[in-house]
Amino acid sequence: MDKFTLQQQVLERLAEDLMQAEQAVRAAHETATHAENIAENKYDTLGLEAAYLATGQARRAEAIRQAMANWRQFRPRPYDASKGIQLGALVCLVGSDDKQQQLFLGPDGGSMKLLSGAQRVQVISSETPLGRAMLGKCEGDEVSIQVALIRQQFEVLRVH
């Protein structure tokens, strides 16, 4: 798997998300400012609600722009076993159910799923519980996280 290709896929997905967020901002703004949505009494709040929605969508768009800037500046380094897993690592974990998962540890983009050939790759941030737990680990190490009342354990199979 090529980290540069994965990085480009992340940027493409973020660009799509930004386009959708900007369209949502425009639609909410048009609704908020449309003449038919001027409040006629104190219970008529459609325009106010649309304004709040437009503000939230604008914040979301700005967060996506920041994530894109972070990914553009990001330069994944080759894996260094003396430092363990660091930002930019491509990690293969295996769970107690023997199910393997490929993870790409990036600056942003949690829950983003990509395809590299036939393999699914989950992009996670070092700010996520699993991302934090993996930092500094090496091949063969165990990684465990607590999710609600359930403790999940994984073994690091490979790191690139």
# chains A, B, ... in the order shown; residues from 1 in each chain; ligands from 1
call {"tool": "select_by_dssp", "arguments": {"residues": "segment 83-119 of chain A", "states": "strand (DSSP E or B)", "output": "list in words"}}
result
Leu90, Val91, Cys92, Leu93, Val94, Gly95, Gln100, Gln101, Gln102, Leu103, Phe104, Leu105, Gly106, Met112, Lys113, Leu114, Leu115, Ser116 and Gln119 of chain A
call {"tool": "write_last_selection", "arguments": {"atoms": "N, CA and C atoms", "output": "mmCIF file, in the first residue's frame"}}
result
data_model
loop_
_atom_site.group_PDB
_atom_site.id
_atom_site.type_symbol
_atom_site.label_atom_id
_atom_site.label_comp_id
_atom_site.auth_asym_id
_atom_site.auth_seq_id
_atom_site.Cartn_x
_atom_site.Cartn_y
_atom_site.Cartn_z
ATOM 1 N N LEU A 90 1.193 2.988 8.701
ATOM 2 C CA LEU A 90 0.168 2.112 8.152
ATOM 3 C C LEU A 90 0.267 0.827 8.958
ATOM 4 N N VAL A 91 -0.784 0.511 9.722
ATOM 5 C CA VAL A 91 -0.717 -0.542 10.729
ATOM 6 C C VAL A 91 -1.746 -1.625 10.430
ATOM 7 N N CYS A 92 -1.327 -2.876 10.577
ATOM 8 C CA CYS A 92 -2.251 -4.004 10.481
ATOM 9 C C CYS A 92 -2.425 -4.565 11.892
ATOM 10 N N LEU A 93 -3.653 -4.510 12.401
ATOM 11 C CA LEU A 93 -3.983 -5.057 13.715
ATOM 12 C C LEU A 93 -4.821 -6.313 13.547
ATOM 13 N N VAL A 94 -4.698 -7.216 14.499
ATOM 14 C CA VAL A 94 -5.575 -8.389 14.535
ATOM 15 C C VAL A 94 -6.234 -8.412 15.909
ATOM 16 N N GLY A 95 -7.549 -8.625 15.904
ATOM 17 C CA GLY A 95 -8.302 -8.657 17.148
ATOM 18 C C GLY A 95 -8.364 -10.053 17.728
ATOM 19 N N GLN A 100 -8.487 -9.124 10.903
ATOM 20 C CA GLN A 100 -7.445 -8.125 10.675
ATOM 21 C C GLN A 100 -8.066 -6.817 10.197
ATOM 22 N N GLN A 101 -7.420 -5.719 10.557
ATOM 23 C CA GLN A 101 -7.831 -4.415 10.050
ATOM 24 C C GLN A 101 -6.603 -3.576 9.752
ATOM 25 N N GLN A 102 -6.704 -2.838 8.651
ATOM 26 C CA GLN A 102 -5.630 -1.945 8.223
ATOM 27 C C GLN A 102 -5.987 -0.530 8.673
ATOM 28 N N LEU A 103 -5.048 0.135 9.315
ATOM 29 C CA LEU A 103 -5.270 1.486 9.814
ATOM 30 C C LEU A 103 -4.173 2.411 9.311
ATOM 31 N N PHE A 104 -4.558 3.610 8.930
ATOM 32 C CA PHE A 104 -3.614 4.646 8.514
ATOM 33 C C PHE A 104 -3.739 5.766 9.525
ATOM 34 N N LEU A 105 -2.688 5.993 10.278
ATOM 35 C CA LEU A 105 -2.691 6.984 11.352
ATOM 36 C C LEU A 105 -2.322 8.347 10.772
ATOM 37 N N GLY A 106 -3.328 9.232 10.691
ATOM 38 C CA GLY A 106 -3.128 10.535 10.069
ATOM 39 C C GLY A 106 -3.449 11.678 11.004
ATOM 40 N N MET A 112 -12.888 7.648 8.380
ATOM 41 C CA MET A 112 -12.847 7.642 6.925
ATOM 42 C C MET A 112 -12.324 6.292 6.467
ATOM 43 N N LYS A 113 -13.077 5.628 5.604
ATOM 44 C CA LYS A 113 -12.663 4.329 5.089
ATOM 45 C C LYS A 113 -12.284 4.473 3.623
ATOM 46 N N LEU A 114 -11.116 3.922 3.278
ATOM 47 C CA LEU A 114 -10.596 4.008 1.919
ATOM 48 C C LEU A 114 -10.367 2.604 1.373
ATOM 49 N N LEU A 115 -10.137 2.530 0.075
ATOM 50 C CA LEU A 115 -9.758 1.272 -0.556
ATOM 51 C C LEU A 115 -8.377 1.420 -1.161
ATOM 52 N N SER A 116 -7.533 0.439 -0.893
ATOM 53 C CA SER A 116 -6.220 0.369 -1.514
ATOM 54 C C SER A 116 -6.163 -0.986 -2.192
ATOM 55 N N GLN A 119 -8.049 -3.957 -0.506
ATOM 56 C CA GLN A 119 -8.002 -3.831 0.954
ATOM 57 C C GLN A 119 -8.673 -2.562 1.441
#
call {"tool": "residues_around", "arguments": {"residues": "segment 147-149 of chain A", "least_positions_apart": "4", "cutoff": "12 Å", "atoms": "only C-alpha atoms", "output": "PyMOL selection string"}}
result
chain A and resi 128-130+153
call {"tool": "closest_atom_pairs", "arguments": {"of": "segment 21-93 of chain A", "to": "segment 4-8 of chain A", "cutoff": "12 Å", "atoms": "only C-alpha atoms", "output": "CSV"}}
result
residue,atom,partner,partner_atom,distance
A:Ala67,CA,A:Gln7,CA,11.9
A:Met68,CA,A:Gln7,CA,10.3
A:Asn70,CA,A:Gln7,CA,10.9
A:Trp71,CA,A:Gln7,CA,7.1
A:Arg72,CA,A:Gln7,CA,8.3
A:Gln73,CA,A:Gln7,CA,10.6
A:Phe74,CA,A:Gln7,CA,8.5
A:Arg75,CA,A:Phe4,CA,8.6
A:Pro76,CA,A:Phe4,CA,7.9
A:Arg77,CA,A:Phe4,CA,10.4
A:Pro78,CA,A:Phe4,CA,11.6
A:Gly88,CA,A:Gln7,CA,9.6
A:Ala89,CA,A:Leu6,CA,11.5
A:Leu90,CA,A:Leu6,CA,9.9
call {"tool": "residues_around", "arguments": {"residues": "Gln152 of chain A", "least_positions_apart": "5", "cutoff": "9 Å", "atoms": "only C-alpha atoms", "output": "MDAnalysis selection string"}}
result
chainID A and resid 95:96 143:147
call {"tool": "write_last_selection", "arguments": {"atoms": "N, CA and C atoms", "output": "PDB file, in the first residue's frame"}}
result
ATOM      1  N   GLY A  95      -7.549  -8.625  15.904  1.00  0.00           N
ATOM      2  CA  GLY A  95      -8.302  -8.657  17.148  1.00  0.00           C
ATOM      3  C   GLY A  95      -8.364 -10.053  17.728  1.00  0.00           C
ATOM      4  N   SER A  96      -9.002 -10.181  18.877  1.00  0.00           N
ATOM      5  CA  SER A  96      -9.131 -11.490  19.529  1.00  0.00           C
ATOM      6  C   SER A  96      -9.984 -12.437  18.699  1.00  0.00           C
ATOM      7  N   VAL A 143      -2.205  -3.926  21.911  1.00  0.00           N
ATOM      8  CA  VAL A 143      -2.859  -2.632  22.060  1.00  0.00           C
ATOM      9  C   VAL A 143      -4.237  -2.906  22.642  1.00  0.00           C
ATOM     10  N   SER A 144      -4.587  -2.192  23.702  1.00  0.00           N
ATOM     11  CA  SER A 144      -5.925  -2.384  24.262  1.00  0.00           C
ATOM     12  C   SER A 144      -6.575  -1.037  24.517  1.00  0.00           C
ATOM     13  N   ILE A 145      -7.888  -1.018  24.306  1.00  0.00           N
ATOM     14  CA  ILE A 145      -8.677   0.184  24.561  1.00  0.00           C
ATOM     15  C   ILE A 145      -9.950  -0.218  25.287  1.00  0.00           C
ATOM     16  N   GLN A 146     -10.483   0.714  26.036  1.00  0.00           N
ATOM     17  CA  GLN A 146     -11.745   0.513  26.749  1.00  0.00           C
ATOM     18  C   GLN A 146     -12.828   1.261  25.987  1.00  0.00           C
ATOM     19  N   VAL A 147     -13.842   0.538  25.514  1.00  0.00           N
ATOM     20  CA  VAL A 147     -14.977   1.147  24.831  1.00  0.00           C
ATOM     21  C   VAL A 147     -16.214   0.833  25.656  1.00  0.00           C
TER      22      VAL A 147
END
call {"tool": "residues_around", "arguments": {"residues": "Asp80 of chain A", "least_positions_apart": "2", "cutoff": "10 Å", "atoms": "only C-alpha atoms", "output": "list in words"}}
result
Arg77, Pro78, Ser82, Lys83, Gly84, Ile85, Gln86, Ala89, Cys138, Val159 and His160 of chain A
call {"tool": "write_last_selection", "arguments": {"atoms": "C-alpha atoms", "output": "PDB file, in the first residue's frame"}}
result
ATOM      1  CA  ARG A  77       7.650   8.985   7.157  1.00  0.00           C
ATOM      2  CA  PRO A  78       8.868   5.422   6.812  1.00  0.00           C
ATOM      3  CA  SER A  82      13.156   2.312  17.353  1.00  0.00           C
ATOM      4  CA  LYS A  83      10.367   4.914  17.668  1.00  0.00           C
ATOM      5  CA  GLY A  84       7.435   2.561  17.216  1.00  0.00           C
ATOM      6  CA  ILE A  85       4.166   3.576  15.611  1.00  0.00           C
ATOM      7  CA  GLN A  86       4.033   7.290  14.844  1.00  0.00           C
ATOM      8  CA  ALA A  89       2.119   4.688  10.074  1.00  0.00           C
ATOM      9  CA  CYS A 138       5.923  -2.074  17.637  1.00  0.00           C
ATOM     10  CA  VAL A 159       3.688  -1.634  10.483  1.00  0.00           C
ATOM     11  CA  HIS A 160       4.827   0.265   7.379  1.00  0.00           C
TER      12      HIS A 160
END
call {"tool": "residues_around", "arguments": {"residues": "Thr55 of chain A", "least_positions_apart": "2", "cutoff": "12 Å", "atoms": "only C-alpha atoms", "output": "short mmCIF file (atom, residue, chain, number, x, y, z; two decimals) with C-alpha atoms, in the first residue's frame"}}
result
data_model
loop_
_atom_site.label_atom_id
_atom_site.label_comp_id
_atom_site.auth_asym_id
_atom_site.auth_seq_id
_atom_site.Cartn_x
_atom_site.Cartn_y
_atom_site.Cartn_z
CA ALA A 21 -20.88 21.43 3.42
CA GLU A 22 -20.65 24.62 1.35
CA ALA A 24 -25.56 23.13 2.85
CA VAL A 25 -24.35 26.55 4.06
CA ARG A 26 -25.81 28.23 0.97
CA ALA A 27 -29.13 26.39 1.28
CA ALA A 28 -29.49 27.19 4.99
CA HIS A 29 -28.51 30.82 4.41
CA ALA A 32 -32.78 31.97 6.75
CA LEU A 48 -33.90 31.65 13.22
CA GLU A 49 -33.44 27.89 13.08
CA ALA A 50 -32.10 28.11 9.52
CA ALA A 51 -29.64 30.80 10.65
CA TYR A 52 -28.36 28.52 13.41
CA LEU A 53 -28.06 25.70 10.89
CA GLN A 57 -22.59 24.26 8.57
CA ALA A 58 -20.13 27.15 8.13
CA ARG A 59 -18.16 25.88 11.14
CA ARG A 60 -18.18 22.38 9.68
CA ALA A 61 -16.88 23.70 6.35
CA GLU A 62 -14.08 25.56 8.16
#
call {"tool": "residues_around", "arguments": {"residues": "Ser125 of chain A", "least_positions_apart": "6", "cutoff": "9 Å", "atoms": "only C-alpha atoms", "output": "list in words"}}
result
Leu87, Phe104, Leu105, Gly106, Pro107, Asp108, Gly109, Gly110, Ser111, Gly131 and Arg132 of chain A
call {"tool": "atom_distance", "arguments": {"atom1": "atom CA of Lys99 of chain A", "atom2": "atom CA of Asp141 of chain A"}}
result
16.3 Å
call {"tool": "closest_residue", "arguments": {"among": "A:Val123, A:Gln66, A:Leu135, A:Phe154", "to": "Asp97 of chain A", "atoms": "only C-alpha atoms"}}
result
A:Phe154
call {"tool": "select_by_dssp", "arguments": {"residues": "segment 53-160 of chain A", "states": "helix (DSSP H, G or I)", "output": "list in words"}}
result
Leu53, Ala54, Thr55, Gly56, Gln57, Ala58, Arg59, Arg60, Ala61, Glu62, Ala63, Ile64, Arg65, Gln66, Ala67, Met68, Ala69, Asn70, Trp71, Arg72, Gln73, Pro129, Leu130, Gly131, Arg132, Ala133 and Met134 of chain A
call {"tool": "closest_residue", "arguments": {"among": "A:Ala81, A:Ile124, A:Leu14, A:Ala39", "to": "Ala63 of chain A", "atoms": "only C-alpha atoms"}}
result
A:Leu14
call {"tool": "closest_residue", "arguments": {"among": "A:Ala118, A:Asp17, A:Glu36, A:Leu46", "to": "Met1 of chain A", "atoms": "only C-alpha atoms"}}
result
A:Ala118
